[in-house]
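One file, model00.txt, is given below (compact mmCIF, C-alpha atoms).
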```txt
# COMPACT_ATOMS: atom_id res chain seq x y z
CA MET Z 1 93.71 -24.59 -55.37
CA PHE Z 2 91.96 -25.03 -52.06
CA GLN Z 3 91.67 -23.25 -48.75
CA ILE Z 4 90.81 -24.53 -45.29
CA TYR Z 5 89.25 -21.81 -43.18
CA ARG Z 6 87.21 -21.28 -40.05
CA GLU Z 7 83.82 -19.63 -40.39
CA PRO Z 8 83.54 -16.26 -38.67
CA SER Z 9 79.93 -16.90 -37.67
CA PHE Z 10 78.48 -18.21 -34.42
CA ASN Z 11 79.29 -21.90 -34.88
CA ARG Z 12 82.90 -21.28 -36.11
CA ARG Z 13 83.04 -24.53 -38.10
CA TYR Z 14 86.08 -25.40 -40.20
CA ARG Z 15 85.39 -25.66 -43.91
CA VAL Z 16 87.21 -26.12 -47.19
CA VAL Z 17 86.68 -24.51 -50.55
CA TYR Z 18 88.10 -25.98 -53.76
CA PHE Z 19 88.40 -22.89 -55.93
CA THR Z 20 88.97 -24.82 -59.15
CA GLU Z 21 85.65 -26.64 -58.74
CA LEU Z 22 83.41 -23.62 -58.26
CA ASP Z 23 80.65 -22.94 -60.77
CA ASP Z 24 79.39 -19.56 -61.89
CA HIS Z 25 76.36 -19.82 -59.58
CA ASN Z 26 78.37 -20.39 -56.37
CA ARG Z 27 81.78 -18.87 -57.11
CA GLU Z 28 81.20 -15.44 -55.59
CA SER Z 29 79.50 -16.60 -52.39
CA GLU Z 30 82.03 -19.38 -51.69
CA ILE Z 31 85.00 -17.07 -52.24
CA ASN Z 32 83.41 -14.39 -50.05
CA ASP Z 33 82.79 -16.94 -47.28
CA ALA Z 34 86.42 -18.08 -47.41
CA MET Z 35 87.73 -14.51 -47.40
CA ARG Z 36 85.61 -13.60 -44.36
CA GLY Z 37 86.81 -16.66 -42.47
CA GLU Z 38 89.99 -17.26 -40.54
CA HIS Z 39 92.63 -18.67 -42.89
CA ILE Z 40 94.04 -22.00 -41.71
CA PHE Z 41 95.82 -23.55 -44.72
CA ASP Z 42 95.84 -23.38 -48.51
CA GLY Z 43 97.62 -24.97 -51.42
CA TYR Z 44 97.41 -26.68 -54.78
CA LEU Z 45 96.50 -30.34 -55.18
CA ARG Z 46 97.79 -32.56 -57.97
CA ASN Z 47 94.94 -33.47 -60.24
CA TYR Z 48 95.70 -37.20 -60.37
CA THR Z 49 95.61 -37.56 -56.56
CA LYS Z 50 92.80 -35.07 -55.95
CA GLU Z 51 90.14 -37.54 -54.80
CA GLU Z 52 92.41 -39.16 -52.23
CA ALA Z 53 93.54 -35.70 -51.08
CA LYS Z 54 89.90 -34.68 -50.58
CA ARG Z 55 89.41 -37.66 -48.27
CA VAL Z 56 92.44 -36.55 -46.24
CA VAL Z 57 91.09 -32.98 -46.09
CA ALA Z 58 87.72 -34.31 -44.93
CA GLY Z 59 89.50 -36.18 -42.13
CA ILE Z 60 91.38 -33.03 -41.15
CA LEU Z 61 88.13 -31.06 -41.04
CA GLU Z 62 86.50 -33.76 -38.94
CA ARG Z 63 89.35 -33.59 -36.43
CA LEU Z 64 89.32 -29.78 -36.32
CA ASN Z 65 85.54 -29.62 -35.94
CA GLY Z 66 85.80 -32.29 -33.23
CA GLY Z 67 87.88 -29.91 -31.14
CA GLU Z 68 91.42 -31.03 -31.97
CA SER Z 69 94.07 -28.42 -32.55
CA LEU Z 70 96.20 -29.01 -35.63
CA ALA Z 71 99.14 -26.78 -36.49
CA PRO Z 72 99.57 -25.73 -40.13
CA ALA Z 73 102.78 -27.80 -40.24
CA GLU Z 74 100.82 -30.92 -39.26
CA ILE Z 75 98.19 -30.23 -41.91
CA GLU Z 76 100.92 -29.70 -44.48
CA GLY Z 77 102.57 -32.97 -43.47
CA ARG Z 78 99.33 -34.89 -44.05
CA LEU Z 79 98.71 -33.22 -47.42
CA LYS Z 80 102.28 -32.99 -48.75
CA PRO Z 81 102.07 -36.20 -50.83
CA PHE Z 82 99.12 -34.71 -52.73
CA MET Z 83 100.28 -31.15 -53.19
CA ALA Z 84 101.72 -29.68 -56.36
```

Hey, can you dump this file as structure tokens for me?
Amino acid sequence: MFQIYREPSFNRRYRVVYFTELDDHNRESEINDAMRGEHIFDGYLRNYTKEEAKRVVAGILERLNGGESLAPAEIEGRLKPFMA
């Protein structure tokens, strides 16, 4: 499971958290950061396409942080081939 969110802090950057990849030492802080942020999109990725999906997510974040506006439907369309 993953979530794309926007930080609530000053810089308001878009970020992603992959919940299934969190370790004990960063789990609580990463989840808290995501919960404080503005929810943009979430879902489940298929394990066998996860690495390619992460590259697509990175591209989405780059576009969002570059100032583009992407609707959740557009994000879903880009990630649909990788989602469970």

(request) Measure the distance from CA of Glu51 (chain Z) to CA of Ser9 (chain Z) in Å and round it to one decimal. (result)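 Separation between CA of Glu51 (chain Z) and CA of Ser9 (chain Z): 28.7 Å.
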
(request) Tell me, as a list in words, which residues lie within 8 Å of Gly37 (chain Z), counting all atoms listed in the file; anything in the same chain fewer than 3 positions away does not count. (result)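 Surrounding residues, per the criterion: Tyr5, Arg6, Glu7, Pro8, Asp33 and Ala34 of chain Z.
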
(request) For Val16 (chain Z), work out the shell of residues within 7 Å, counting all atoms listed in the file and skipping chain neighbours fewer than 3 positions away, then give it as a list in words. (result)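 The filter keeps Phe2, Gln3, Ile4 and Tyr5 of chain Z.
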
(request) Check the smallest atom-to-atom distance from each of Z:Phe10, Z:Thr20, Z:Arg15, Z:Leu70 to Lys50 (chain Z) using all atoms listed in the file, then report the winner. (result)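 For Lys50 (chain Z), the nearest of the given residues is Z:Thr20.
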
(request) Might you pull out every residue within 9 Å of Ile60 (chain Z), with all atoms listed in the file counted and same-chain residues fewer than 3 positions away left off, and present them as a VMD selection string? (result) chain Z and resid 55 to 57 63 to 65 70 75 78

(request) To one decimal in Å, tell me the separation between CA of Ala73 (chain Z) and CA of Tyr18 (chain Z). (result)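 Atom-to-atom, CA of Ala73 (chain Z) and CA of Tyr18 (chain Z) are spaced 20.0 Å apart.
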
(request) Report the distance between CA of Arg36 (chain Z) and CA of Glu52 (chain Z) in Å, rounded to one decimal place. (result)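 Separation between CA of Arg36 (chain Z) and CA of Glu52 (chain Z): 27.6 Å.
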
(message) If we count all atoms listed in the file and set the cut-off at 7 Å, which residues sit around Leu45 (chain Z), ignoring sequence neighbours fewer than 6 positions away in its own chain? Please answer as a PyMOL selection string.
(response) chain Z and resi 1+82-84

Just save region 20-57 of chain Z with C-alpha atoms, as a PDB file, in the first residue's frame.
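What follows is the written file decode.pdb:
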```pdb
ATOM      1  CA  THR Z  20       4.703  -2.020   3.266  1.00  0.00           C
ATOM      2  CA  GLU Z  21       8.364  -0.976   3.108  1.00  0.00           C
ATOM      3  CA  LEU Z  22       8.567   0.854   6.424  1.00  0.00           C
ATOM      4  CA  ASP Z  23      10.931  -0.426   9.103  1.00  0.00           C
ATOM      5  CA  ASP Z  24      10.389  -0.307  12.839  1.00  0.00           C
ATOM      6  CA  HIS Z  25      12.674   2.731  13.162  1.00  0.00           C
ATOM      7  CA  ASN Z  26      10.770   4.916  10.657  1.00  0.00           C
ATOM      8  CA  ARG Z  27       7.241   3.487  10.645  1.00  0.00           C
ATOM      9  CA  GLU Z  28       5.676   5.831  13.186  1.00  0.00           C
ATOM     10  CA  SER Z  29       7.186   9.063  11.860  1.00  0.00           C
ATOM     11  CA  GLU Z  30       6.417   8.282   8.197  1.00  0.00           C
ATOM     12  CA  ILE Z  31       2.813   7.342   8.962  1.00  0.00           C
ATOM     13  CA  ASN Z  32       2.376  10.456  11.101  1.00  0.00           C
ATOM     14  CA  ASP Z  33       3.779  12.646   8.305  1.00  0.00           C
ATOM     15  CA  ALA Z  34       1.370  11.111   5.797  1.00  0.00           C
ATOM     16  CA  MET Z  35      -1.603  11.485   8.131  1.00  0.00           C
ATOM     17  CA  ARG Z  36      -0.811  15.170   8.755  1.00  0.00           C
ATOM     18  CA  GLY Z  37      -0.507  15.848   5.038  1.00  0.00           C
ATOM     19  CA  GLU Z  38      -3.169  16.475   2.436  1.00  0.00           C
ATOM     20  CA  HIS Z  39      -4.249  13.146   0.928  1.00  0.00           C
ATOM     21  CA  ILE Z  40      -3.865  13.049  -2.854  1.00  0.00           C
ATOM     22  CA  PHE Z  41      -4.048   9.366  -3.857  1.00  0.00           C
ATOM     23  CA  ASP Z  42      -3.541   5.906  -2.388  1.00  0.00           C
ATOM     24  CA  GLY Z  43      -3.711   2.300  -3.455  1.00  0.00           C
ATOM     25  CA  TYR Z  44      -2.086  -1.108  -3.578  1.00  0.00           C
ATOM     26  CA  LEU Z  45       0.660  -2.002  -6.040  1.00  0.00           C
ATOM     27  CA  ARG Z  46       1.202  -5.471  -7.461  1.00  0.00           C
ATOM     28  CA  ASN Z  47       4.436  -6.851  -6.124  1.00  0.00           C
ATOM     29  CA  TYR Z  48       5.775  -8.049  -9.483  1.00  0.00           C
ATOM     30  CA  THR Z  49       5.418  -4.583 -11.088  1.00  0.00           C
ATOM     31  CA  LYS Z  50       6.358  -2.574  -8.003  1.00  0.00           C
ATOM     32  CA  GLU Z  51       9.690  -1.214  -9.245  1.00  0.00           C
ATOM     33  CA  GLU Z  52       8.222   0.073 -12.499  1.00  0.00           C
ATOM     34  CA  ALA Z  53       5.279   1.534 -10.572  1.00  0.00           C
ATOM     35  CA  LYS Z  54       7.695   3.389  -8.287  1.00  0.00           C
ATOM     36  CA  ARG Z  55       9.291   5.017 -11.324  1.00  0.00           C
ATOM     37  CA  VAL Z  56       5.848   6.154 -12.490  1.00  0.00           C
ATOM     38  CA  VAL Z  57       5.072   7.517  -9.001  1.00  0.00           C
TER      39      VAL Z  57
END
```
